[in-house]
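File shown: model.cif (mmCIF, C-alpha atoms).
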data_data
#
loop_
_atom_site.label_atom_id
_atom_site.label_comp_id
_atom_site.auth_asym_id
_atom_site.auth_seq_id
_atom_site.Cartn_x
_atom_site.Cartn_y
_atom_site.Cartn_z
CA MET Z 1 33.80 12.97 -17.78
CA VAL Z 2 32.90 11.06 -20.95
CA LEU Z 3 31.76 14.33 -22.48
CA THR Z 4 35.19 15.84 -21.71
CA LEU Z 5 36.96 12.86 -23.15
CA GLN Z 6 34.95 12.88 -26.38
CA THR Z 7 35.19 16.66 -26.74
CA TYR Z 8 38.94 16.55 -26.17
CA TYR Z 9 39.48 13.95 -28.92
CA GLY Z 10 37.46 16.07 -31.35
CA MET Z 11 39.13 19.35 -30.48
CA GLU Z 12 42.62 17.89 -30.48
CA LYS Z 13 42.27 17.35 -34.24
CA PHE Z 14 41.83 21.11 -34.73
CA GLY Z 15 44.29 22.17 -32.05
CA ALA Z 16 41.49 23.71 -30.01
CA GLU Z 17 42.07 21.90 -26.68
CA ALA Z 18 42.01 25.26 -24.89
CA LEU Z 19 38.29 25.48 -25.60
CA LEU Z 20 37.60 22.24 -23.73
CA GLY Z 21 36.50 24.02 -20.55
CA PRO Z 22 33.90 26.34 -22.12
CA THR Z 23 32.55 23.57 -24.36
CA VAL Z 24 32.01 21.23 -21.42
CA ALA Z 25 30.55 24.00 -19.26
CA LEU Z 26 28.18 25.27 -21.97
CA ALA Z 27 26.99 21.76 -22.83
CA LEU Z 28 26.35 21.01 -19.18
CA ILE Z 29 24.77 24.29 -18.13
CA ARG Z 30 22.61 24.78 -21.22
CA GLU Z 31 21.53 21.20 -21.91
CA LEU Z 32 22.91 18.19 -20.12
CA GLY Z 33 22.56 19.46 -16.56
CA PRO Z 34 18.87 20.39 -16.73
CA VAL Z 35 17.82 17.51 -19.02
CA LEU Z 36 19.77 14.62 -17.48
CA SER Z 37 19.00 15.66 -13.92
CA ALA Z 38 15.30 15.98 -14.87
CA LEU Z 39 15.31 12.48 -16.38
CA MET Z 40 17.05 11.09 -13.30
CA ILE Z 41 14.58 12.76 -10.93
CA THR Z 42 11.69 11.54 -13.09
CA GLY Z 43 12.85 7.97 -12.59
CA ARG Z 44 13.39 8.44 -8.86
CA ALA Z 45 10.82 10.97 -7.63
CA GLY Z 46 8.25 11.07 -10.45
CA SER Z 47 7.54 7.37 -10.15
CA ALA Z 48 7.42 7.66 -6.34
CA ILE Z 49 4.91 10.54 -6.50
CA ALA Z 50 2.66 8.64 -8.93
CA ALA Z 51 2.83 5.43 -6.88
CA GLU Z 52 2.20 7.17 -3.56
CA ILE Z 53 -0.77 9.20 -4.77
CA GLY Z 54 -2.04 6.19 -6.75
CA ILE Z 55 -2.04 4.02 -3.62
CA MET Z 56 -3.80 6.80 -1.72
CA ARG Z 57 -6.42 6.81 -4.48
CA ILE Z 58 -7.08 3.05 -4.47
CA THR Z 59 -7.14 2.84 -0.66
CA GLU Z 60 -9.70 5.68 -0.53
CA GLN Z 61 -7.36 8.02 1.38
CA ILE Z 62 -8.06 10.76 -1.16
CA ASP Z 63 -11.80 10.19 -0.75
CA ALA Z 64 -11.26 10.43 3.02
CA LEU Z 65 -9.68 13.86 2.57
CA GLU Z 66 -12.65 15.01 0.49
CA VAL Z 67 -15.14 13.66 3.02
CA MET Z 68 -13.35 15.65 5.72
CA ALA Z 69 -14.15 18.74 3.63
CA LEU Z 70 -10.44 19.15 2.82
CA ASN Z 71 -9.15 19.92 -0.64
CA PRO Z 72 -6.92 17.01 -1.79
CA TYR Z 73 -5.23 19.22 -4.40
CA ARG Z 74 -3.97 21.48 -1.64
CA TYR Z 75 -2.56 18.59 0.39
CA LEU Z 76 -1.21 16.32 -2.33
CA ILE Z 77 -0.62 18.24 -5.55
CA VAL Z 78 0.51 21.73 -4.55
CA PRO Z 79 3.33 20.64 -2.17
CA ASN Z 80 4.74 18.22 -4.77
CA ILE Z 81 4.69 20.83 -7.54
CA LEU Z 82 6.32 23.46 -5.31
CA ALA Z 83 8.97 20.93 -4.26
CA GLY Z 84 9.63 20.14 -7.93
CA ILE Z 85 9.99 23.78 -8.89
CA ILE Z 86 12.48 24.35 -6.05
CA THR Z 87 14.52 21.14 -6.19
CA PHE Z 88 14.95 20.64 -9.94
CA PRO Z 89 17.09 23.80 -10.45
CA LEU Z 90 19.07 23.02 -7.27
CA LEU Z 91 19.83 19.46 -8.37
CA ALA Z 92 20.66 20.60 -11.90
CA SER Z 93 23.11 23.13 -10.41
CA ILE Z 94 24.78 20.38 -8.37
CA PHE Z 95 24.84 18.24 -11.52
CA ASN Z 96 26.58 21.09 -13.41
CA VAL Z 97 29.20 21.69 -10.72
CA VAL Z 98 30.00 17.98 -10.40
CA GLY Z 99 30.11 17.66 -14.21
CA ILE Z 100 32.53 20.58 -14.58
CA LEU Z 101 34.76 19.20 -11.80
CA GLY Z 102 34.67 15.76 -13.46
CA GLY Z 103 35.67 17.43 -16.71
CA TYR Z 104 38.54 19.13 -14.87
CA LEU Z 105 39.78 15.78 -13.55
CA VAL Z 106 39.76 14.22 -17.00
CA GLY Z 107 40.81 17.26 -19.06
CA VAL Z 108 43.40 18.83 -16.77
CA GLN Z 109 44.65 15.99 -14.59
CA LEU Z 110 44.53 13.13 -17.12
CA LEU Z 111 44.82 14.71 -20.55
CA GLY Z 112 47.11 17.59 -19.65
CA VAL Z 113 45.03 20.61 -20.68
CA SER Z 114 46.21 23.67 -18.80
CA GLN Z 115 44.19 24.52 -15.70
CA GLY Z 116 44.23 28.21 -16.59
CA ALA Z 117 42.83 27.51 -20.06
CA TYR Z 118 40.16 25.15 -18.72
CA PHE Z 119 38.71 27.63 -16.21
CA GLY Z 120 39.88 30.89 -17.83
CA GLU Z 121 38.24 30.24 -21.19
CA MET Z 122 35.13 29.03 -19.36
CA VAL Z 123 34.74 32.42 -17.70
CA ASN Z 124 35.21 34.15 -21.07
CA PHE Z 125 32.63 32.13 -22.95
CA LEU Z 126 30.01 31.47 -20.31
CA GLY Z 127 27.38 34.22 -19.97
CA VAL Z 128 24.80 34.92 -17.28
CA LYS Z 129 22.13 34.19 -19.90
CA ASP Z 130 23.39 30.61 -20.26
CA ILE Z 131 23.05 30.04 -16.54
CA THR Z 132 19.64 31.68 -16.19
CA ILE Z 133 18.17 29.85 -19.17
CA GLY Z 134 19.52 26.56 -17.81
CA LEU Z 135 17.80 27.32 -14.52
CA TYR Z 136 14.54 28.28 -16.28
CA LYS Z 137 14.68 24.98 -18.09
CA SER Z 138 15.10 23.07 -14.83
CA LEU Z 139 12.30 25.00 -13.24
CA SER Z 140 9.92 24.20 -16.11
CA PHE Z 141 11.01 20.54 -16.06
CA GLY Z 142 10.22 20.46 -12.34
CA LEU Z 143 6.73 21.74 -13.08
CA ILE Z 144 6.20 19.26 -15.93
CA VAL Z 145 7.46 16.16 -14.09
CA THR Z 146 5.60 16.78 -10.83
CA TRP Z 147 2.42 17.84 -12.60
CA ILE Z 148 2.36 14.74 -14.82
CA SER Z 149 3.28 12.43 -11.93
CA CYS Z 150 0.59 13.88 -9.67
CA TYR Z 151 -1.98 13.67 -12.45
CA GLN Z 152 -1.12 10.03 -13.17
CA GLY Z 153 -1.34 9.16 -9.48
CA PHE Z 154 -4.56 11.08 -8.96
CA THR Z 155 -6.33 9.38 -11.88
CA THR Z 156 -5.16 5.86 -10.99
CA SER Z 157 -7.70 3.19 -11.74
CA TYR Z 158 -8.39 0.49 -9.19
CA GLY Z 159 -5.99 -2.24 -8.19
CA ALA Z 160 -2.27 -2.89 -8.22
CA GLU Z 161 -2.32 -2.87 -12.02
CA GLY Z 162 -3.70 0.67 -11.94
CA VAL Z 163 -0.80 1.84 -9.75
CA SER Z 164 1.68 0.08 -12.02
CA LYS Z 165 0.20 1.79 -15.10
CA ALA Z 166 0.18 5.16 -13.37
CA THR Z 167 3.86 4.82 -12.41
CA THR Z 168 4.92 3.78 -15.89
CA GLY Z 169 2.76 6.49 -17.43
CA ALA Z 170 4.30 9.12 -15.16
CA VAL Z 171 7.88 8.21 -16.09
CA VAL Z 172 7.31 7.76 -19.83
CA THR Z 173 5.11 10.82 -20.33
CA SER Z 174 7.33 13.05 -18.18
CA SER Z 175 10.52 11.92 -19.95
CA VAL Z 176 9.09 12.51 -23.42
CA LEU Z 177 7.63 15.87 -22.45
CA VAL Z 178 10.94 16.97 -20.89
CA LEU Z 179 12.76 16.24 -24.16
CA VAL Z 180 10.10 17.92 -26.32
CA TRP Z 181 9.90 20.96 -24.06
CA ASP Z 182 13.72 21.17 -23.98
CA TYR Z 183 13.81 21.42 -27.78
CA PHE Z 184 11.11 24.08 -27.72
CA MET Z 185 12.86 26.16 -25.05
CA THR Z 186 16.26 25.86 -26.72
CA SER Z 187 14.88 26.94 -30.09
CA VAL Z 188 13.05 29.92 -28.60
CA LEU Z 189 15.41 31.16 -25.87
CA PHE Z 190 18.93 30.86 -27.34
CA MET G 191 -32.04 14.21 8.09
CA ILE G 192 -31.05 12.38 4.90
CA GLU G 193 -33.45 12.28 1.96
CA VAL G 194 -32.66 10.52 -1.29
CA ILE G 195 -35.09 11.27 -4.11
CA ASP G 196 -35.27 9.36 -7.41
CA LEU G 197 -31.51 8.82 -7.63
CA HIS G 198 -30.12 7.47 -10.91
CA LYS G 199 -26.56 6.57 -11.78
CA SER G 200 -24.83 4.60 -14.54
CA LEU G 201 -21.23 3.41 -14.36
CA ASN G 202 -19.41 2.13 -17.46
CA GLY G 203 -22.70 1.91 -19.35
CA THR G 204 -24.48 -0.12 -16.65
CA GLU G 205 -27.34 1.46 -14.75
CA VAL G 206 -26.34 0.91 -11.12
CA LEU G 207 -28.98 3.01 -9.37
CA LYS G 208 -32.44 3.02 -10.93
CA GLY G 209 -34.48 5.61 -9.07
CA ILE G 210 -33.64 5.20 -5.39
CA THR G 211 -35.91 7.02 -2.96
CA PHE G 212 -35.84 6.82 0.85
CA LYS G 213 -35.56 8.97 3.93
CA VAL G 214 -33.70 8.66 7.22
CA VAL G 215 -35.11 10.87 9.93
CA LYS G 216 -32.92 12.62 12.49
CA GLY G 217 -31.42 10.32 15.11
CA GLU G 218 -32.32 7.12 13.27
CA ILE G 219 -30.00 4.56 11.75
CA LEU G 220 -30.93 2.80 8.54
CA ALA G 221 -29.26 -0.43 7.45
CA LEU G 222 -28.78 -0.86 3.73
CA ILE G 223 -28.59 -4.51 2.82
CA GLY G 224 -28.42 -6.34 -0.48
CA LYS G 225 -26.20 -8.50 -2.63
CA SER G 226 -22.66 -7.41 -3.44
CA GLY G 227 -22.37 -5.31 -6.59
CA HIS G 228 -25.94 -4.01 -6.44
CA GLY G 229 -24.98 -0.38 -5.80
CA LYS G 230 -24.88 0.00 -2.02
CA SER G 231 -21.45 1.65 -1.83
CA VAL G 232 -22.23 3.78 -4.90
CA LEU G 233 -25.37 5.00 -3.15
CA LEU G 234 -23.43 5.85 0.01
CA LYS G 235 -20.84 7.78 -1.98
CA HIS G 236 -23.66 9.83 -3.54
CA ILE G 237 -24.87 10.74 -0.08
CA VAL G 238 -21.49 12.21 0.86
CA GLY G 239 -21.06 13.85 -2.54
CA LEU G 240 -18.10 11.74 -3.73
CA ILE G 241 -20.11 10.73 -6.81
CA ARG G 242 -22.33 13.12 -8.71
CA ALA G 243 -25.87 11.98 -9.45
CA GLU G 244 -27.10 11.80 -13.05
CA ARG G 245 -30.65 12.41 -11.96
CA GLY G 246 -32.35 12.89 -8.61
CA LYS G 247 -31.44 14.58 -5.36
CA VAL G 248 -29.64 13.81 -2.11
CA LEU G 249 -30.82 16.18 0.59
CA ILE G 250 -28.81 16.63 3.77
CA ASN G 251 -30.96 18.61 6.22
CA GLY G 252 -32.87 19.91 3.18
CA GLU G 253 -29.82 20.96 1.13
CA ASP G 254 -28.96 19.09 -2.07
CA ILE G 255 -25.38 17.80 -1.75
CA SER G 256 -25.44 16.29 -5.24
CA GLN G 257 -25.68 19.75 -6.82
CA SER G 258 -23.60 21.72 -4.33
CA ARG G 259 -20.03 22.80 -5.02
CA GLY G 260 -17.19 24.58 -3.26
CA PRO G 261 -17.80 26.04 0.19
CA ALA G 262 -21.47 25.00 0.22
CA ARG G 263 -20.50 21.35 -0.23
CA GLU G 264 -17.72 21.70 2.36
CA GLN G 265 -20.27 22.97 4.87
CA LEU G 266 -22.48 19.94 4.22
CA ARG G 267 -19.56 17.53 4.44
CA LYS G 268 -18.54 18.95 7.81
CA LYS G 269 -21.77 17.44 9.14
CA ILE G 270 -20.93 13.98 7.82
CA GLY G 271 -18.58 11.26 9.05
CA PHE G 272 -17.79 8.42 6.67
CA LEU G 273 -16.31 5.11 7.81
CA PHE G 274 -14.70 3.57 4.74
CA GLN G 275 -14.64 -0.17 4.21
CA GLY G 276 -10.84 -0.35 4.58
CA GLY G 277 -10.63 2.48 7.12
CA ALA G 278 -8.83 4.82 4.66
CA LEU G 279 -6.34 5.83 7.33
CA PHE G 280 -3.41 7.93 6.09
CA ASP G 281 -0.61 5.38 6.07
CA SER G 282 2.25 7.89 6.26
CA ILE G 283 1.23 9.23 9.69
CA ASN G 284 0.61 7.48 13.00
CA VAL G 285 -2.70 6.77 14.73
CA PHE G 286 -2.61 9.92 16.87
CA ASP G 287 -1.94 12.16 13.87
CA ASN G 288 -4.65 10.40 11.85
CA VAL G 289 -7.28 11.09 14.49
CA ALA G 290 -5.96 14.61 15.13
CA PHE G 291 -5.82 15.45 11.40
CA PRO G 292 -9.36 16.88 10.98
CA LEU G 293 -9.02 18.91 14.19
CA ARG G 294 -5.68 20.39 13.12
CA GLU G 295 -6.94 21.27 9.68
CA LYS G 296 -10.48 22.42 10.39
CA THR G 297 -10.36 23.93 13.88
CA ARG G 298 -8.25 26.42 15.81
CA LEU G 299 -7.95 24.26 18.89
CA LYS G 300 -4.71 24.44 20.84
CA ARG G 301 -2.25 21.55 20.91
CA ASP G 302 -3.24 20.43 24.41
CA GLU G 303 -6.95 20.53 23.59
CA ILE G 304 -6.37 18.47 20.44
CA ARG G 305 -4.34 15.94 22.43
CA GLU G 306 -7.08 15.67 25.04
CA ARG G 307 -9.81 15.14 22.42
CA VAL G 308 -7.82 12.58 20.45
CA LEU G 309 -6.98 10.54 23.53
CA PHE G 310 -10.63 10.70 24.60
CA GLU G 311 -11.87 9.41 21.24
CA LEU G 312 -9.22 6.68 21.15
CA ALA G 313 -10.28 5.63 24.65
CA GLN G 314 -13.93 5.55 23.49
CA VAL G 315 -13.03 3.05 20.79
CA GLY G 316 -10.88 1.06 23.20
CA LEU G 317 -7.52 1.91 21.70
CA SER G 318 -5.70 4.08 24.22
CA GLU G 319 -2.41 2.26 23.76
CA VAL G 320 -1.86 2.53 20.03
CA GLU G 321 -1.52 6.27 19.47
CA GLY G 322 2.11 5.99 18.31
CA LYS G 323 1.61 3.09 15.92
CA PHE G 324 1.27 3.37 12.16
CA PRO G 325 -1.79 1.99 10.33
CA ALA G 326 0.29 -0.82 8.80
CA GLU G 327 0.99 -2.11 12.33
CA LEU G 328 -2.72 -2.45 13.18
CA SER G 329 -5.14 -5.33 12.66
CA GLY G 330 -8.25 -4.89 10.47
CA GLY G 331 -10.51 -4.37 13.49
CA MET G 332 -8.14 -1.84 15.06
CA LYS G 333 -7.95 0.11 11.80
CA LYS G 334 -11.74 0.37 11.72
CA ARG G 335 -11.82 1.53 15.33
CA VAL G 336 -9.21 4.21 14.63
CA ALA G 337 -11.12 5.25 11.52
CA LEU G 338 -14.28 5.49 13.61
CA ALA G 339 -12.46 7.66 16.16
CA ARG G 340 -11.28 9.92 13.32
CA CYS G 341 -14.87 10.24 12.04
CA LEU G 342 -16.29 10.97 15.48
CA ILE G 343 -13.73 13.56 16.50
CA MET G 344 -15.57 16.26 14.54
CA ASP G 345 -18.90 15.37 16.20
CA PRO G 346 -20.76 14.62 12.95
CA GLU G 347 -24.54 14.88 12.80
CA ILE G 348 -24.58 12.10 10.21
CA MET G 349 -22.53 8.91 10.14
CA LEU G 350 -22.20 6.68 7.11
CA PHE G 351 -20.69 3.21 7.54
CA ASP G 352 -19.53 1.25 4.50
CA GLU G 353 -19.44 -2.39 5.58
CA PRO G 354 -17.88 -1.75 9.00
CA THR G 355 -17.57 -5.46 9.86
CA THR G 356 -16.64 -6.99 6.51
CA GLY G 357 -13.48 -9.08 6.64
CA LEU G 358 -13.43 -9.26 10.45
CA ASP G 359 -13.75 -12.35 12.62
CA PRO G 360 -17.17 -12.77 14.35
CA ALA G 361 -15.93 -11.59 17.76
CA THR G 362 -14.31 -8.43 16.36
CA ALA G 363 -17.36 -7.81 14.15
CA LYS G 364 -19.57 -8.01 17.21
CA SER G 365 -17.36 -5.58 19.11
CA ILE G 366 -17.50 -3.10 16.20
CA ASN G 367 -21.30 -3.38 16.06
CA ASN G 368 -21.47 -2.83 19.83
CA LEU G 369 -19.23 0.18 19.42
CA ILE G 370 -21.55 1.64 16.77
CA ARG G 371 -24.53 1.06 19.07
CA GLU G 372 -22.82 2.70 22.05
CA THR G 373 -21.64 5.62 19.96
CA HIS G 374 -25.13 6.15 18.60
CA GLU G 375 -26.57 6.12 22.11
CA ARG G 376 -23.95 8.69 23.14
CA LEU G 377 -24.10 11.05 20.13
CA LYS G 378 -27.56 10.37 18.66
CA PHE G 379 -26.32 10.77 15.10
CA THR G 380 -28.36 10.02 12.01
CA GLY G 381 -26.79 7.11 10.19
CA ILE G 382 -26.72 4.66 7.34
CA ILE G 383 -24.90 1.32 7.62
CA ILE G 384 -24.15 -0.92 4.68
CA THR G 385 -23.75 -4.38 6.05
CA HIS G 386 -23.99 -8.09 5.37
CA ASP G 387 -24.10 -8.74 9.08
CA ILE G 388 -27.91 -8.78 9.04
CA TYR G 389 -28.61 -10.51 12.35
CA GLN G 390 -26.32 -8.41 14.51
CA ILE G 391 -27.60 -5.22 12.93
CA PHE G 392 -31.23 -5.79 13.98
CA SER G 393 -30.57 -4.47 17.47
CA ILE G 394 -28.71 -1.37 16.23
CA VAL G 395 -30.90 0.08 13.49
CA GLN G 396 -34.40 1.47 13.43
CA LYS G 397 -35.01 0.77 9.74
CA ILE G 398 -33.73 -1.57 7.07
CA ALA G 399 -33.76 -0.97 3.31
CA VAL G 400 -33.20 -3.90 0.97
CA LEU G 401 -31.46 -2.96 -2.27
CA ASN G 402 -31.91 -5.21 -5.27
CA GLU G 403 -30.50 -4.48 -8.72
CA GLY G 404 -30.36 -0.74 -8.20
CA ARG G 405 -33.80 -0.39 -6.64
CA ILE G 406 -35.10 -0.35 -3.08
CA GLU G 407 -36.99 -3.63 -2.89
CA LEU G 408 -38.40 -3.01 0.56
CA ILE G 409 -37.97 -0.61 3.45
CA GLY G 410 -39.27 -1.04 6.97
CA THR G 411 -38.49 -1.76 10.59
CA PRO G 412 -36.36 -4.83 11.36
CA THR G 413 -39.50 -6.78 12.38
CA GLU G 414 -41.33 -5.80 9.18
CA ILE G 415 -38.38 -6.88 7.06
CA LYS G 416 -37.94 -10.15 8.91
CA THR G 417 -41.60 -11.08 8.53
CA SER G 418 -41.92 -9.80 4.96
CA GLU G 419 -43.44 -12.07 2.33
CA ASP G 420 -41.48 -10.38 -0.47
CA PRO G 421 -39.83 -13.26 -2.41
CA PHE G 422 -36.46 -11.52 -2.80
CA VAL G 423 -36.31 -10.52 0.86
CA LYS G 424 -37.37 -14.01 1.98
CA GLN G 425 -34.74 -15.59 -0.24
CA PHE G 426 -32.11 -13.12 0.98
CA PHE G 427 -32.81 -13.94 4.63
CA LEU G 428 -33.07 -17.66 3.93
CA LYS G 429 -29.56 -17.61 2.52
CA GLY G 430 -28.52 -15.55 5.50
CA ASP G 431 -30.01 -18.21 7.81
CA ASP G 432 -28.12 -20.97 6.00
CA HIS G 433 -24.94 -19.00 6.31
CA HIS G 434 -25.65 -18.24 9.95
CA GLU G 435 -26.22 -21.94 10.74
CA LYS G 436 -23.03 -22.94 8.95
CA ILE G 437 -21.09 -20.50 11.08
#
As structure tokens, how would this structure be written, given the file I've shared?
Amino acid sequence: MVLTLQTYYGMEKFGAEALLGPTVALALIRELGPVLSALMITGRAGSAIAAEIGIMRITEQIDALEVMALNPYRYLIVPNILAGIITFPLLASIFNVVGILGGYLVGVQLLGVSQGAYFGEMVNFLGVKDITIGLYKSLSFGLIVTWISCYQGFTTSYGAEGVSKATTGAVVTSSVLVLVWDYFMTSVLF
Amino acid sequence: MIEVIDLHKSLNGTEVLKGITFKVVKGEILALIGKSGHGKSVLLKHIVGLIRAERGKVLINGEDISQSRGPAREQLRKKIGFLFQGGALFDSINVFDNVAFPLREKTRLKRDEIRERVLFELAQVGLSEVEGKFPAELSGGMKKRVALARCLIMDPEIMLFDEPTTGLDPATAKSINNLIRETHERLKFTGIIITHDIYQIFSIVQKIAVLNEGRIELIGTPTEIKTSEDPFVKQFFLKGDDHHEKI
């Protein structure tokens, strides 16, 4: 909604309010949806993964799995990574839809941009490539965040301080890597 | 049979194990005693292959677990049950699922058979009523009993106990020791127990090894250890006596 508001004020100066819809949609689908949803999930789920696996490490639950001749990677790492790869694109898609509808509320209902222009121009400017690349980005962010979080949890050192460090490390490293990888993907794919 | 040969290990630049050698023959239980921080738990984790040896061998029925990898190590681990100091129960699943976990993952038993075996093992450790509870709802002694049931459900040939009675009140500690004795009489496993509970352990084990600064100071039967003239062993038991009297 803020994006719509700011974009509208900028475009109004050039008389290009009709392009509000595609601008908001492209910004969301290409960048903001995948990146912001990834950062939000990192804070919520990445920290939880690192803390949970870290506590399993310091309470010897991971050792117990190994002693039972079971592979801890199969039970703890693989399901989390698969969940990340599936859920990140889904949540980014929801983020995009909600963002576009929020933009509609502000742009069309509050600022008086025509509904036809908002959605019509969006259809004209938005390509399948934009959507697929946005989804690829989310998918790769899912892999990065869950991988880093699992790694941090798995290599937790002993004690509550170790879990705290692992959790912080998971969030900080994942967030930075998401932003760096986003730049790399944008520069290569678009 | 467990055979440890010239085992060396350093952690963070400190030599923790300095050439440990001993043997536990089939069906016997050996108690590993010594001061805290002298490498007892590290030694036990070598025996189950959780820590890799720098030098030396750990033979389980003649096969070196310290050098084995992949399926070969899995096969060796299937023979071993390990009772962790804190129980190491999976805190996200209840008692029944904890005990059933190895059966579900490593066997093709049907649901009813698994249920029967789990309830049997829980009854053996005196905890028939707690199957639906989560580990966080159990006392320290109950956690260790559940952990013991989880170890025993796969009928291990070898049982390793890492301080099974530490942190428990004397009555619960005694009941855990009795449980280990009864289980050994029933299953005849080969075992190693790390313990500070030296007086109660005399009636359970066939041999005692005294670990001092990364070396085996003395190994022998409980009577031999008790009557030993070794200064470290005498001092160790003297302190134990003082502690015992205070209690």
Starting from the PyMOL selection byres ((chain G) within 7 of (chain Z)), expand the selection into actual residues of this file and give them as a PyMOL selection string. chain G and resi 238+264+267-268+272+278-280+292
For the PyMOL selection byres ((chain G and resi 221-235) around 7), applied here, can you spell out every residue it catches as a list in words?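 Evaluating the PyMOL selection byres ((chain G and resi 221-235) around 7) on these coordinates yields Val206, Leu207, Ile219, Leu220, His236, Ile237, Val238, Gly239, Leu240, Ile241, Asp352, Ile382, Ile383, Ile384, Thr385, His386, Val395, Lys397, Ile398, Ala399, Val400, Leu401, Asn402, Glu403 and Gly404 of chain G.
Interatomic distance, CA of Leu76 (chain Z) against CA of Leu309 (chain G): 27.1 Å.
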For the atom pair CA of Val106 (chain Z) and CA of Pro34 (chain Z), what is the interatomic distance in Å to one decimal place? 21.8 Å
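Closest approach to Gly276 (chain G) among G:Leu201, G:Val214, G:Ile304, G:Val336: G:Val336, based on all atoms listed in the file.
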Taking the file as shown, find all residues satisfying the PyMOL selection byres ((chain Z and resi 143-146) around 8) and write them as number ranges by chain. Z: 38, 42, 46, 49, 80-82, 84-85, 139-142, 147-150, 170, 174-175, 177-178
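Proximity to Val35 (chain Z) was assessed for Z:Val108, Z:Ala92, Z:Leu189, Z:Leu5 counting all atoms listed in the file; the smallest distance is recorded for Z:Ala92.
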Which neighbours of Glu161 (chain Z) fall inside 12 Å, counting all atoms listed in the file, when residues of the same chain fewer than 6 positions from it are skipped, and could you give them as a short mmCIF file (atom, residue, chain, number, x, y, z; two decimals) with C-alpha atoms, keeping the file's coordinate frame?
data_model
loop_
_atom_site.label_atom_id
_atom_site.label_comp_id
_atom_site.auth_asym_id
_atom_site.auth_seq_id
_atom_site.Cartn_x
_atom_site.Cartn_y
_atom_site.Cartn_z
CA ALA Z 51 2.83 5.43 -6.88
CA GLY Z 54 -2.04 6.19 -6.75
CA ILE Z 55 -2.04 4.02 -3.62
CA ILE Z 58 -7.08 3.05 -4.47
CA THR Z 167 3.86 4.82 -12.41
CA THR Z 168 4.92 3.78 -15.89
CA GLY Z 169 2.76 6.49 -17.43
#
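When CA of Glu347 (chain G) is paired with CA of Ile270 (chain G), their separation reads 6.2 Å.
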Give me, as a PyMOL selection string, all polymer residues having an atom no more than 12 Å from Thr186 (chain Z), counting all atoms listed in the file and skipping those fewer than 4 positions away in the same chain. chain Z and resi 30-31+34-35+130+133-134+136-137+178-182+190
Tell me which of Z:Gly99, Z:Gly153, Z:Gly159, Z:Gly21 sits closest to Asn124 (chain Z), counting only C-alpha atoms. Z:Gly21
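In terms of minimum interatomic distance to Ser37 (chain Z), Z:Pro89 ranks closest within Z:Gly107, Z:Gly120, Z:Gly127, Z:Pro89, counting all atoms listed in the file.
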